[in-house]
Each structure stands twice: as structure tokens, then as C-alpha cells.
>>> print(open('my_file.txt').read())   # compact mmCIF, C-alpha atoms
# COMPACT_ATOMS: atom_id res chain seq x y z
CA MET A 1 0.00 0.00 0.00
CA LYS A 2 1.23 3.48 -0.86
CA ILE A 3 1.58 5.87 2.06
CA LEU A 4 1.43 9.64 1.66
CA TYR A 5 2.85 11.62 4.58
CA HIS A 6 1.11 14.97 4.46
CA TYR A 7 -0.31 18.07 6.10
CA PRO A 8 -4.03 18.45 5.34
CA LEU A 9 -3.88 22.19 4.55
CA SER A 10 -0.62 22.17 2.54
CA PRO A 11 -1.32 23.02 -1.13
CA PHE A 12 1.67 20.88 -2.17
CA CYS A 13 0.34 17.84 -0.32
CA ARG A 14 -3.13 18.46 -1.77
CA LYS A 15 -1.64 18.53 -5.27
CA ILE A 16 -0.21 15.03 -4.72
CA ARG A 17 -3.43 13.70 -3.17
CA LEU A 18 -5.37 14.96 -6.21
CA MET A 19 -2.83 13.47 -8.64
CA LEU A 20 -2.87 10.04 -6.96
CA SER A 21 -6.69 10.01 -6.95
CA GLU A 22 -6.95 11.16 -10.58
CA LYS A 23 -4.66 8.25 -11.51
CA GLY A 24 -7.03 5.90 -9.66
CA LEU A 25 -4.38 4.90 -7.11
CA LEU A 26 -5.17 3.83 -3.57
CA PHE A 27 -3.08 5.28 -0.78
CA GLN A 28 -3.06 5.66 2.96
CA LEU A 29 -2.71 9.16 4.45
CA GLU A 30 -0.46 9.81 7.44
CA ASP A 31 -0.33 13.20 9.12
CA ARG A 32 1.86 12.09 12.04
CA PHE A 33 5.47 11.15 11.43
CA PRO A 34 8.91 11.64 13.01
CA SER A 35 10.68 14.77 11.69
CA LYS A 36 13.72 12.56 10.93
CA LEU A 37 11.71 11.12 8.03
CA MET A 38 11.99 14.49 6.25
CA GLU A 39 15.82 14.74 6.51
CA LYS A 40 16.41 13.96 2.84
CA ALA A 41 13.56 16.21 1.66
CA PRO A 42 14.89 19.36 -0.05
CA LEU A 43 12.18 21.49 1.56
CA GLU A 44 12.32 19.47 4.82
CA GLU A 45 8.59 18.95 4.82
CA PRO A 46 5.84 16.77 3.38
CA PRO A 47 4.58 15.52 0.98
CA LEU A 48 6.59 12.33 1.15
CA LEU A 49 5.40 9.28 -0.75
CA PHE A 50 6.23 5.70 0.17
CA ASP A 51 5.73 3.50 -2.89
CA GLU A 52 7.23 0.17 -4.03
CA ASN A 53 9.53 0.08 -1.00
CA ASN A 54 10.99 3.51 -1.75
CA TYR A 55 10.57 6.95 -0.28
CA ILE A 56 10.00 9.70 -2.86
CA TYR A 57 10.69 13.18 -1.49
CA ASP A 58 9.47 16.60 -2.55
CA HIS A 59 6.23 17.63 -4.26
CA TYR A 60 7.86 18.33 -7.61
CA VAL A 61 9.80 15.04 -7.62
CA ILE A 62 6.70 13.09 -6.51
CA ALA A 63 4.55 14.68 -9.24
CA GLU A 64 7.08 13.72 -11.95
CA TYR A 65 7.42 10.24 -10.42
CA ILE A 66 3.67 9.60 -10.38
CA GLU A 67 3.30 10.74 -14.00
CA GLU A 68 6.16 8.46 -15.13
CA ALA A 69 5.15 5.45 -13.04
CA TYR A 70 1.39 5.61 -13.66
CA LYS A 71 0.88 6.95 -17.16
CA SER A 72 -2.89 6.93 -17.40
CA PRO A 73 -4.61 9.35 -17.52
CA ASN A 74 -1.92 11.66 -18.86
CA LEU A 75 -1.81 14.81 -16.70
CA PHE A 76 1.27 16.47 -18.25
CA GLY A 77 0.13 16.87 -21.90
CA GLU A 78 1.13 15.18 -25.15
CA THR A 79 3.42 17.43 -27.20
CA LEU A 80 6.61 19.07 -25.95
CA THR A 81 4.96 22.50 -26.18
CA GLU A 82 1.89 21.40 -24.22
CA ARG A 83 4.07 19.76 -21.58
CA ALA A 84 6.17 22.91 -21.19
CA GLU A 85 3.04 25.05 -20.80
CA ILE A 86 1.44 22.68 -18.27
CA ARG A 87 4.64 22.59 -16.21
CA ARG A 88 4.98 26.38 -16.49
CA LEU A 89 1.46 26.91 -15.15
CA SER A 90 1.98 24.38 -12.38
CA ARG A 91 5.17 26.26 -11.38
CA TRP A 92 3.24 29.54 -11.66
CA PHE A 93 0.95 28.43 -8.84
CA ASP A 94 3.55 26.53 -6.79
CA GLU A 95 6.08 29.37 -6.94
CA LYS A 96 4.57 32.73 -7.83
CA PHE A 97 1.06 32.26 -6.41
CA PHE A 98 2.53 30.64 -3.30
CA LEU A 99 5.08 33.43 -2.81
CA GLU A 100 2.61 36.27 -3.46
CA VAL A 101 -0.60 34.83 -1.99
CA SER A 102 -0.99 31.42 -0.37
CA SER A 103 2.19 31.37 1.76
CA HIS A 104 1.12 34.64 3.45
CA ILE A 105 -2.49 33.63 4.00
CA ILE A 106 -1.43 30.21 5.35
CA ASN A 107 1.09 31.88 7.64
CA GLU A 108 -1.27 34.54 8.95
CA LYS A 109 -4.48 32.51 9.15
CA ILE A 110 -3.25 28.99 9.98
CA LYS A 111 0.26 28.97 11.46
CA LYS A 112 -0.26 32.07 13.60
CA ARG A 113 -3.72 30.95 14.73
CA LEU A 114 -2.35 27.57 15.81
CA ALA A 115 0.47 29.37 17.64
CA GLY A 116 -2.05 31.68 19.36
CA GLU A 117 -0.66 34.79 17.60
CA GLU A 118 -2.56 37.63 15.93
CA PRO A 119 -2.44 37.79 12.11
CA ASN A 120 -0.65 40.74 10.52
CA SER A 121 -3.30 42.73 8.64
CA THR A 122 -0.79 44.42 6.27
CA ASN A 123 0.50 41.04 5.07
CA LEU A 124 -3.08 39.85 4.57
CA TYR A 125 -4.01 43.03 2.69
CA TYR A 126 -1.22 42.58 0.15
CA ALA A 127 -1.81 38.84 -0.20
CA LYS A 128 -5.49 39.48 -0.98
CA LYS A 129 -4.59 42.22 -3.44
CA ASN A 130 -2.26 39.78 -5.22
CA LEU A 131 -4.97 37.11 -5.06
CA ASN A 132 -7.23 39.33 -7.16
CA ASP A 133 -4.55 39.68 -9.85
CA HIS A 134 -4.11 35.92 -9.95
CA LEU A 135 -7.85 35.25 -10.13
CA PHE A 136 -7.98 37.69 -13.03
CA TYR A 137 -5.14 35.75 -14.72
CA ILE A 138 -7.04 32.46 -14.23
CA SER A 139 -10.16 34.08 -15.80
CA HIS A 140 -7.98 35.09 -18.74
CA LEU A 141 -6.66 31.52 -19.16
CA LEU A 142 -10.25 30.21 -19.08
CA THR A 143 -11.33 32.42 -21.99
CA LYS A 144 -9.20 30.14 -24.20
CA ASN A 145 -10.07 26.69 -22.85
CA ALA A 146 -12.37 24.94 -20.38
CA LYS A 147 -9.34 23.94 -18.34
CA LEU A 148 -6.28 26.06 -17.57
CA ALA A 149 -3.83 24.69 -20.16
CA SER A 150 -6.10 22.96 -22.69
CA LYS A 151 -9.53 21.40 -22.86
CA TYR A 152 -8.28 18.47 -20.74
CA LEU A 153 -7.58 18.27 -17.03
CA SER A 154 -3.86 18.63 -16.35
CA LEU A 155 -1.37 19.24 -13.58
CA ALA A 156 -1.99 22.97 -14.13
CA ASP A 157 -5.61 22.62 -12.91
CA ILE A 158 -4.52 20.35 -10.08
CA SER A 159 -1.84 22.76 -8.78
CA ALA A 160 -4.10 25.81 -9.08
CA SER A 161 -7.09 24.15 -7.40
CA ALA A 162 -4.86 22.73 -4.63
CA HIS A 163 -3.81 26.28 -3.68
CA LEU A 164 -7.29 27.75 -4.09
CA SER A 165 -8.85 24.96 -2.03
CA VAL A 166 -6.79 25.97 1.01
CA LEU A 167 -7.86 29.61 0.62
CA ASP A 168 -11.47 28.49 0.14
CA TYR A 169 -11.27 26.42 3.35
CA LEU A 170 -10.39 29.71 5.06
CA GLY A 171 -13.17 31.59 3.23
CA GLU A 172 -10.72 33.97 1.56
CA ILE A 173 -12.09 33.94 -1.99
CA ASN A 174 -14.82 36.25 -3.29
CA TRP A 175 -16.09 33.88 -5.97
CA GLU A 176 -18.84 36.21 -7.22
CA LYS A 177 -16.28 38.60 -8.72
CA TYR A 178 -14.82 35.86 -10.92
CA PRO A 179 -17.70 33.81 -12.42
CA GLU A 180 -15.47 31.89 -14.89
CA VAL A 181 -13.08 30.89 -12.12
CA LYS A 182 -16.00 29.91 -9.92
CA GLU A 183 -17.43 27.68 -12.66
CA TRP A 184 -14.06 26.02 -13.28
CA TYR A 185 -13.48 25.51 -9.54
CA ALA A 186 -17.01 24.10 -9.09
CA CYS A 187 -16.14 21.49 -11.75
CA MET A 188 -12.87 20.68 -9.99
CA LYS A 189 -14.67 20.44 -6.65
CA SER A 190 -17.20 17.99 -8.10
CA ARG A 191 -14.56 15.49 -9.19
CA PRO A 192 -14.33 12.35 -7.02
CA SER A 193 -10.62 13.12 -6.45
CA PHE A 194 -11.61 16.31 -4.60
CA SER A 195 -14.07 14.70 -2.24
CA PRO A 196 -11.53 13.61 0.46
CA LEU A 197 -10.12 17.17 0.56
CA LEU A 198 -13.59 18.54 1.24
CA SER A 199 -13.89 16.30 4.31
CA ASP A 200 -10.61 17.55 5.83
CA LYS A 201 -10.90 18.95 9.31
CA VAL A 202 -8.05 20.62 11.13
CA ARG A 203 -8.38 21.10 14.87
CA GLY A 204 -8.75 24.79 15.72
CA ILE A 205 -9.26 25.89 12.11
CA PHE A 206 -12.84 25.67 10.93
CA PRO A 207 -13.74 25.45 7.24
CA SER A 208 -15.86 28.20 5.66
CA SER A 209 -19.59 27.45 5.49
CA HIS A 210 -19.55 26.82 1.72
CA TYR A 211 -16.25 24.87 1.66
CA LYS A 212 -17.85 21.43 1.26
CA ASN A 213 -20.63 22.52 -1.06
CA PRO A 214 -20.00 21.98 -4.80
CA ASP A 215 -22.87 24.40 -5.58
CA PHE A 216 -21.47 27.29 -3.58
CA MET B 217 19.15 28.69 -33.67
CA LYS B 218 18.30 28.25 -29.99
CA ILE B 219 18.62 31.36 -27.84
CA LEU B 220 19.20 31.23 -24.09
CA TYR B 221 18.40 34.44 -22.23
CA HIS B 222 20.52 34.32 -19.11
CA TYR B 223 22.52 36.02 -16.35
CA PRO B 224 26.14 34.84 -16.35
CA LEU B 225 26.39 34.35 -12.55
CA SER B 226 22.94 32.77 -12.01
CA PRO B 227 23.30 29.11 -10.93
CA PHE B 228 19.96 28.31 -12.59
CA CYS B 229 21.10 29.74 -15.93
CA ARG B 230 24.42 27.92 -15.59
CA LYS B 231 22.54 24.65 -15.03
CA ILE B 232 20.76 25.10 -18.37
CA ARG B 233 23.95 26.12 -20.21
CA LEU B 234 25.66 22.95 -18.93
CA MET B 235 22.67 20.78 -19.88
CA LEU B 236 22.48 22.18 -23.42
CA SER B 237 26.23 21.68 -23.91
CA GLU B 238 26.22 18.15 -22.47
CA LYS B 239 23.47 17.32 -25.00
CA GLY B 240 25.73 18.68 -27.77
CA LEU B 241 23.27 21.44 -28.68
CA LEU B 242 24.33 24.76 -30.15
CA PHE B 243 22.79 27.90 -28.72
CA GLN B 244 23.25 31.63 -28.66
CA LEU B 245 23.54 33.41 -25.31
CA GLU B 246 21.77 36.71 -24.67
CA ASP B 247 22.27 38.64 -21.45
CA ARG B 248 20.32 41.71 -22.54
CA PHE B 249 16.57 41.53 -22.99
CA PRO B 250 13.43 43.54 -22.24
CA SER B 251 11.94 42.71 -18.84
CA LYS B 252 8.57 42.17 -20.59
CA LEU B 253 10.03 38.95 -21.99
CA MET B 254 9.96 37.46 -18.46
CA GLU B 255 6.26 38.25 -17.80
CA LYS B 256 5.14 34.63 -18.16
CA ALA B 257 8.10 33.26 -16.17
CA PRO B 258 6.99 31.97 -12.74
CA LEU B 259 10.12 33.37 -11.09
CA GLU B 260 10.10 36.48 -13.37
CA GLU B 261 13.73 35.94 -14.33
CA PRO B 262 15.98 34.01 -16.68
CA PRO B 263 16.78 31.40 -17.84
CA LEU B 264 14.40 31.59 -20.78
CA LEU B 265 14.97 29.32 -23.77
CA PHE B 266 13.79 30.07 -27.30
CA ASP B 267 13.63 26.82 -29.26
CA GLU B 268 11.61 25.63 -32.26
CA ASN B 269 9.70 28.91 -32.36
CA ASN B 270 8.60 28.62 -28.72
CA TYR B 271 9.62 30.27 -25.50
CA ILE B 272 10.25 27.85 -22.62
CA TYR B 273 10.16 29.56 -19.22
CA ASP B 274 11.69 28.61 -15.87
CA HIS B 275 14.80 26.58 -15.09
CA TYR B 276 12.89 23.53 -13.90
CA VAL B 277 10.56 23.53 -16.93
CA ILE B 278 13.49 24.08 -19.32
CA ALA B 279 15.50 21.21 -17.77
CA GLU B 280 12.56 18.80 -18.16
CA TYR B 281 11.95 20.09 -21.71
CA ILE B 282 15.58 19.59 -22.78
CA GLU B 283 15.66 16.06 -21.36
CA GLU B 284 12.42 15.13 -23.19
CA ALA B 285 13.27 16.84 -26.48
CA TYR B 286 16.94 15.77 -26.71
CA LYS B 287 17.19 12.36 -25.13
CA SER B 288 20.89 11.62 -25.57
CA PRO B 289 22.86 11.46 -23.36
CA ASN B 290 20.36 10.64 -20.63
CA LEU B 291 20.90 13.04 -17.71
CA PHE B 292 17.89 12.01 -15.56
CA GLY B 293 18.65 8.29 -14.98
CA GLU B 294 17.06 5.09 -16.23
CA THR B 295 14.86 3.52 -13.55
CA LEU B 296 12.06 5.28 -11.66
CA THR B 297 14.09 5.10 -8.44
CA GLU B 298 17.20 6.57 -10.07
CA ARG B 299 15.16 9.34 -11.68
CA ALA B 300 13.54 10.23 -8.34
CA GLU B 301 16.95 10.36 -6.62
CA ILE B 302 18.52 12.50 -9.39
CA ARG B 303 15.59 14.91 -9.29
CA ARG B 304 15.72 14.98 -5.47
CA LEU B 305 19.40 15.90 -5.49
CA SER B 306 18.89 18.51 -8.18
CA ARG B 307 16.13 20.04 -6.04
CA TRP B 308 18.40 19.77 -2.99
CA PHE B 309 20.85 22.18 -4.62
CA ASP B 310 18.29 24.39 -6.38
CA GLU B 311 16.15 24.78 -3.24
CA LYS B 312 17.96 23.96 -0.01
CA PHE B 313 21.51 24.88 -1.02
CA PHE B 314 20.22 28.03 -2.73
CA LEU B 315 18.14 29.06 0.29
CA GLU B 316 20.85 28.32 2.85
CA VAL B 317 24.00 29.24 0.92
CA SER B 318 24.15 30.54 -2.64
CA SER B 319 21.26 33.05 -2.52
CA HIS B 320 22.93 34.82 0.45
CA ILE B 321 26.43 34.84 -1.02
CA ILE B 322 25.11 36.05 -4.41
CA ASN B 323 23.10 38.76 -2.67
CA GLU B 324 25.92 39.96 -0.42
CA LYS B 325 28.84 39.58 -2.84
CA ILE B 326 27.28 40.31 -6.24
CA LYS B 327 24.00 42.21 -5.98
CA LYS B 328 25.16 44.51 -3.16
CA ARG B 329 28.55 45.08 -4.79
CA LEU B 330 26.88 46.08 -8.07
CA ALA B 331 24.55 48.39 -6.12
CA GLY B 332 27.52 49.94 -4.29
CA GLU B 333 26.37 48.61 -0.90
CA GLU B 334 28.42 46.93 1.84
CA PRO B 335 27.86 43.18 2.37
CA ASN B 336 26.29 42.05 5.64
CA SER B 337 28.92 39.99 7.47
CA THR B 338 26.40 38.10 9.65
CA ASN B 339 24.56 36.83 6.57
CA LEU B 340 27.87 35.79 5.02
CA TYR B 341 28.97 34.05 8.22
CA TYR B 342 25.86 31.86 8.33
CA ALA B 343 25.92 31.16 4.59
CA LYS B 344 29.53 29.94 4.85
CA LYS B 345 28.73 27.84 7.89
CA ASN B 346 25.91 26.20 5.93
CA LEU B 347 28.24 25.81 2.93
CA ASN B 348 30.50 23.60 5.05
CA ASP B 349 27.59 21.32 5.95
CA HIS B 350 26.65 21.00 2.30
CA LEU B 351 30.24 20.28 1.20
CA PHE B 352 30.33 17.59 3.86
CA TYR B 353 27.10 16.13 2.43
CA ILE B 354 28.61 16.13 -1.08
CA SER B 355 31.70 14.30 0.29
CA HIS B 356 29.35 11.75 1.81
CA LEU B 357 27.55 11.23 -1.53
CA LEU B 358 30.91 10.77 -3.27
CA THR B 359 31.92 7.91 -0.94
CA LYS B 360 29.29 5.82 -2.73
CA ASN B 361 29.86 6.78 -6.37
CA ALA B 362 32.16 8.80 -8.60
CA LYS B 363 29.29 11.13 -9.40
CA LEU B 364 26.63 12.42 -7.02
CA ALA B 365 23.75 10.10 -7.86
CA SER B 366 25.47 7.17 -9.61
CA LYS B 367 28.62 6.45 -11.56
CA TYR B 368 27.28 8.49 -14.48
CA LEU B 369 26.99 12.22 -14.94
CA SER B 370 23.45 13.40 -14.20
CA LEU B 371 21.39 16.50 -13.54
CA ALA B 372 22.43 16.16 -9.87
CA ASP B 373 26.09 16.87 -10.77
CA ILE B 374 25.05 19.65 -13.12
CA SER B 375 22.87 21.45 -10.55
CA ALA B 376 25.46 21.10 -7.78
CA SER B 377 28.38 22.26 -9.92
CA ALA B 378 26.34 25.17 -11.31
CA HIS B 379 25.87 26.52 -7.76
CA LEU B 380 29.44 25.78 -6.67
CA SER B 381 30.87 27.41 -9.82
CA VAL B 382 29.32 30.75 -8.84
CA LEU B 383 30.79 30.51 -5.33
CA ASP B 384 34.15 29.48 -6.84
CA TYR B 385 34.06 32.53 -9.13
CA LEU B 386 33.82 34.58 -5.93
CA GLY B 387 36.60 32.57 -4.23
CA GLU B 388 34.27 31.40 -1.44
CA ILE B 389 35.21 27.71 -1.31
CA ASN B 390 38.03 26.25 0.78
CA TRP B 391 38.67 23.26 -1.48
CA GLU B 392 41.53 21.83 0.60
CA LYS B 393 39.15 20.86 3.40
CA TYR B 394 37.09 18.67 1.05
CA PRO B 395 39.49 16.67 -1.19
CA GLU B 396 36.76 14.34 -2.59
CA VAL B 397 34.61 17.33 -3.54
CA LYS B 398 37.63 19.06 -5.06
CA GLU B 399 38.42 16.00 -7.19
CA TRP B 400 34.81 15.70 -8.39
CA TYR B 401 34.61 19.43 -9.15
CA ALA B 402 37.97 19.30 -11.00
CA CYS B 403 36.45 16.60 -13.23
CA MET B 404 33.34 18.71 -13.82
CA LYS B 405 35.47 21.76 -14.56
CA SER B 406 37.49 19.80 -17.15
CA ARG B 407 34.43 18.88 -19.22
CA PRO B 408 34.05 20.82 -22.49
CA SER B 409 30.56 21.91 -21.33
CA PHE B 410 32.16 23.85 -18.47
CA SER B 411 34.65 25.76 -20.56
CA PRO B 412 32.33 28.67 -21.59
CA LEU B 413 31.42 29.21 -17.91
CA LEU B 414 35.10 29.55 -17.03
CA SER B 415 35.46 32.38 -19.56
CA ASP B 416 32.58 34.40 -18.07
CA LYS B 417 33.43 37.91 -17.02
CA VAL B 418 31.08 40.21 -15.19
CA ARG B 419 31.90 43.90 -15.09
CA GLY B 420 32.85 44.98 -11.56
CA ILE B 421 33.05 41.41 -10.19
CA PHE B 422 36.40 39.77 -10.76
CA PRO B 423 36.83 35.98 -10.74
CA SER B 424 39.09 34.36 -8.13
CA SER B 425 42.66 33.67 -9.30
CA HIS B 426 42.08 29.89 -9.58
CA TYR B 427 38.58 30.11 -11.12
CA LYS B 428 39.66 29.26 -14.67
CA ASN B 429 42.28 26.69 -13.72
CA PRO B 430 41.14 23.03 -13.83
CA ASP B 431 44.19 22.08 -11.70
CA PHE B 432 43.39 24.44 -8.85
>>> encode(input="my_file.txt", output="C-alpha cells")
Amino acid sequence: MKILYHYPLSPFCRKIRLMLSEKGLLFQLEDRFPSKLMEKAPLEEPPLLFDENNYIYDHYVIAEYIEEAYKSPNLFGETLTERAEIRRLSRWFDEKFFLEVSSHIINEKIKKRLAGEEPNSTNLYYAKKNLNDHLFYISHLLTKNAKLASKYLSLADISASAHLSVLDYLGEINWEKYPEVKEWYACMKSRPSFSPLLSDKVRGIFPSSHYKNPDF
Amino acid sequence: MKILYHYPLSPFCRKIRLMLSEKGLLFQLEDRFPSKLMEKAPLEEPPLLFDENNYIYDHYVIAEYIEEAYKSPNLFGETLTERAEIRRLSRWFDEKFFLEVSSHIINEKIKKRLAGEEPNSTNLYYAKKNLNDHLFYISHLLTKNAKLASKYLSLADISASAHLSVLDYLGEINWEKYPEVKEWYACMKSRPSFSPLLSDKVRGIFPSSHYKNPDF
């Protein structure tokens, strides 16, 4: 049995959970583990996948591994150009969106709350301002295709929805301002792969009232 | 003709230059470009590769693209386990080593010098302390194989040597303390792919006296 060591509200762990489920793979989730297990991980944190008697470290390495080991359905695109664009968009969310938006909101609204500290409203203000720019960019991508990189589901949709799902858990997204993004996210949310994420509960951090509802 | 938009002393750009050369591909280097060209780049900076009428953004996306488009010689390993370990080590240097060592030394010794500012000695002290731990880790990897991930050259060696080459340009490495690392780096430095990097000159930042010498 595959084991995924994870944090429930980490966008990078959610990306891997979604990928494994979209590939139809069964896996056990573990959110308790000794920190020593992460010693060889470049970012020193989960996700960490145990598969075929091997540990695979790091969300980017795990994503490439899953795509190579379990080819169907293809989530990385067919042609070289498609594959470069899908990887670029996935990096866009994992690097730029994380740096400008999700890392700040996670820090202020999750890490500080769990540590009993007050969130910094200036950090939150800028993160939310950046969030609007990114939602506008997603709307722009959706004028061309039903999904972010093409008409098919790809790693780009998975990475983007993994980040947005954490912000939606916290009730940080004003969906009404971005109807195309809302429609795309409602589709993502309705996929069976998303269902376990919608049941996540983290002690001390309550999900927004519409978080579980696919017709939000 | 392929064009690589780059900064000469960026480890990420150097990684791509080494990869292209190891694959025997010809390319033109450009270190002047409009900033608009980087708009779609997740990190908003070079490397950016123009190939077959397409722009490929981001060092990670470009590395995967080159490996898929130009298969020989294989730089990512054969089996799934090898490929995961090579990617893990490449990430180790591009993420952990960069965060703990090279980003600080580049900031203090290159960016601040070009801006006419004084380097912060505390930052440099910690970066060099971390550098020793990483050189020790490289020594440890080299007790198992002649190269970092196996007996063959891989992306792991390329990423590591790209970062170390920038620090060596600045004269920041005490090679005598790490003879196995010195021997491995001397081999890397002697490869034809490395030669253009050893001729790099950046106005206002002079290379260390031994930088060009493969028998340093």
C-alpha cells in the first residue's frame, strides 16, 4: 500500500493527493510522522510518498514520479509545447502564487492561529490584493479553454485548485467577482478526487460554510 | 538557432547552459533583454529558452523540456528510483543549497557590490557555515559513487556544480578541506561543457585567481 505523509492544509500535499486520486491509485494518508523522516527532503517537509519500498521526497519530484510510473490518464500533456506550458502553469501556482498569496495567508491565518498569535493585517491586505490579480489571470486563461492549459484536465488545474482549495477552506475567496473561475473551480470540486479534501478537518481551524458545497 | 536568455552568474542559468552543452546542442547566449520577456516566467527571471519557435520559461521547466526533447545522453537516470533520486538531489541544490548558501552569497557579494552597498557579514557568516555542511554532504555522496547520484553524470552533478561554480568565481570555497569534492569538481570543470562558464566575465566582479584553472 502506498503511504502519503502529508499536512491536510498544505497546497503541495493536496496537489499530490489529487494526482494520486486522478490516476485511480489507492493510498493511505499519514499526518503524524517523526521529523527525521523528512531529513532527505529538499524542503524538509511533506509531501513524502512511500511506494514500491521507496521513499520519494518533494512535491515536484513526486509529481514527476507519479506521472512516469502511472501513465494513465496523462496529466502532463502530449506534445513538448503542451508539456512545457502545463509545467509552467503548475510552477506559476507553486512558486509565484505561493510566494505572493498562499504562503502569506497560510502563515497569517493557519500557522499564527495555531500558535495563538494575531495575524498581521498588512500582510493579509497585500496577499489578498495579489490574489485578485491571480484570479484575473485564471479568468484570462479560461477564456481560451475549459481547463487552464487545454480542454483536458492537467497538472496545471490540479496545482491551481490545490492552492485555491486551502484559501477556500479559510473563506478567503470572493467567488462572485470571478464567475469563470467559480465555474471552473465548481467542476474541480465535483470530481471524485476532490471529495476527500472537502472532508478535511483541522483542529482549531474551521472550514468556511460553503467549503464542502460543490454548488457554492 | 536556440537562444538562451541568461545572467552569467545565475546558478539556474548555468545549469541550463551545462545541460544544453552536455546534450551537444548549439545555442546563442543573450544577457540583454526587455523585462517584458519574463512576464510569463513563474520566477520572473531568466533562464528563458527560445527553441523551435517557442519560449520555454523557468529553469525547472526548461530542464525537463531539454531532457524530453533531446534524449541523448540521458541526464535524468534510467529507472524510476534513479530518476527520483537524481531529481531529489537537483532540487536539494536548487532549493535547499540556494536558500541556505548561494542566494545569500550572491546577494551579499554580487547584488550589493553592483549596487555599491556593503555586504552584511552576519549573513555571510551563516551562509559559509551552511556551505561547510553541504560540502560535507557532497563528500558523503561521493563515498558511494564517482558522481553524485550514480557512476554516471546526471542532472544532480550539473545542478550542484552550477551553484558551486558561482561561489568558486567569488573565491568562497576552501577546497583543501574537502578533497573528494575538489576531485569531483575538477572533473566537472574539465568537461568541455564547463569551458564557456570559465570564460565568463562580469563587469565589476572579478573571478578568483584559480577560477579558470582546472588544476586548482
>>> closest_residue(input="my_file.txt", among="A:Tyr126, A:Tyr185, A:Tyr65, A:Tyr137", to="chain B", atoms="all atoms listed in the file")
A:Tyr65
>>> atom_distance(input="my_file.txt", atom1="atom CA of Ser375 of chain B", atom2="atom CA of Glu280 of chain B")
13.1 Å
>>> residues_around(input="my_file.txt", residues="Asp168 of chain A", least_positions_apart="4", cutoff="8 Å", atoms="only C-alpha atoms", output="PDB file with C-alpha atoms, in the coordinates of the input")
ATOM      1  CA  LEU A 164      -7.290  27.750  -4.090  1.00  0.00           C
ATOM      2  CA  GLU A 172     -10.720  33.970   1.560  1.00  0.00           C
ATOM      3  CA  ILE A 173     -12.090  33.940  -1.990  1.00  0.00           C
ATOM      4  CA  SER A 208     -15.860  28.200   5.660  1.00  0.00           C
ATOM      5  CA  TYR A 211     -16.250  24.870   1.660  1.00  0.00           C
TER       6      TYR A 211
END
>>> residues_around(input="my_file.txt", residues="His59 of chain A", least_positions_apart="3", cutoff="6 Å", atoms="all atoms listed in the file", output="ChimeraX atom specification")
/A:12,47,62
>>> interface_residues(input="my_file.txt", of="chain B", to="chain A", cutoff="8 Å", atoms="only C-alpha atoms", output="PDB file with C-alpha atoms, in the coordinates of the input")
ATOM      1  CA  ALA B 257       8.100  33.260 -16.170  1.00  0.00           C
ATOM      2  CA  PRO B 258       6.990  31.970 -12.740  1.00  0.00           C
ATOM      3  CA  LEU B 259      10.120  33.370 -11.090  1.00  0.00           C
ATOM      4  CA  ASN B 270       8.600  28.620 -28.720  1.00  0.00           C
ATOM      5  CA  ILE B 272      10.250  27.850 -22.620  1.00  0.00           C
ATOM      6  CA  TYR B 273      10.160  29.560 -19.220  1.00  0.00           C
ATOM      7  CA  ASP B 274      11.690  28.610 -15.870  1.00  0.00           C
ATOM      8  CA  VAL B 277      10.560  23.530 -16.930  1.00  0.00           C
ATOM      9  CA  ILE B 278      13.490  24.080 -19.320  1.00  0.00           C
ATOM     10  CA  TYR B 281      11.950  20.090 -21.710  1.00  0.00           C
ATOM     11  CA  GLU B 284      12.420  15.130 -23.190  1.00  0.00           C
ATOM     12  CA  ALA B 285      13.270  16.840 -26.480  1.00  0.00           C
ATOM     13  CA  LEU B 296      12.060   5.280 -11.660  1.00  0.00           C
ATOM     14  CA  THR B 297      14.090   5.100  -8.440  1.00  0.00           C
ATOM     15  CA  ARG B 299      15.160   9.340 -11.680  1.00  0.00           C
ATOM     16  CA  ALA B 300      13.540  10.230  -8.340  1.00  0.00           C
ATOM     17  CA  GLU B 301      16.950  10.360  -6.620  1.00  0.00           C
ATOM     18  CA  ARG B 303      15.590  14.910  -9.290  1.00  0.00           C
ATOM     19  CA  ARG B 304      15.720  14.980  -5.470  1.00  0.00           C
ATOM     20  CA  LEU B 305      19.400  15.900  -5.490  1.00  0.00           C
ATOM     21  CA  ARG B 307      16.130  20.040  -6.040  1.00  0.00           C
ATOM     22  CA  TRP B 308      18.400  19.770  -2.990  1.00  0.00           C
ATOM     23  CA  GLU B 311      16.150  24.780  -3.240  1.00  0.00           C
ATOM     24  CA  LYS B 312      17.960  23.960  -0.010  1.00  0.00           C
TER      25      LYS B 312
END
>>> closest_residue(input="my_file.txt", among="A:Gly24, A:Pro179, A:Pro196, A:Pro73", to="Tyr152 of chain A", atoms="all atoms listed in the file")
A:Pro73
>>> residues_around(input="my_file.txt", residues="Leu114 of chain A", least_positions_apart="3", cutoff="12 Å", atoms="only C-alpha atoms", output="list in words")
Ile106, Asn107, Glu108, Lys109, Ile110, Lys111, Glu117, Glu118, Pro119, Val202, Arg203, Gly204, Ile205 and Phe206 of chain A
>>> residues_near_point(input="my_file.txt", point="(33.4, 16.1, -11.8)", cutoff="10 Å", atoms="only C-alpha atoms", output="list in words")
Ala362, Lys363, Leu364, Leu369, Asp373, Ile374, Ser377, Glu396, Val397, Lys398, Glu399, Trp400, Tyr401, Ala402, Cys403, Met404, Lys405, Ser406 and Arg407 of chain B
>>> axis_aligned_box(input="my_file.txt", around="segment 96-109 of chain A", padding_each_side="3 Å", output="AutoDock Vina command-line options")
--center_x 0.3 --center_y 33.2 --center_z 0.7 --size_x 15.6 --size_y 12.1 --size_z 23.0
>>> residues_around(input="my_file.txt", residues="Ser409 of chain B", least_positions_apart="2", cutoff="8 Å", atoms="only C-alpha atoms", output="ChimeraX atom specification")
/B:233-234,237-238,407,411-412
>>> atom_distance(input="my_file.txt", atom1="atom CA of Leu20 of chain A", atom2="atom CA of Asn145 of chain A")
24.1 Å
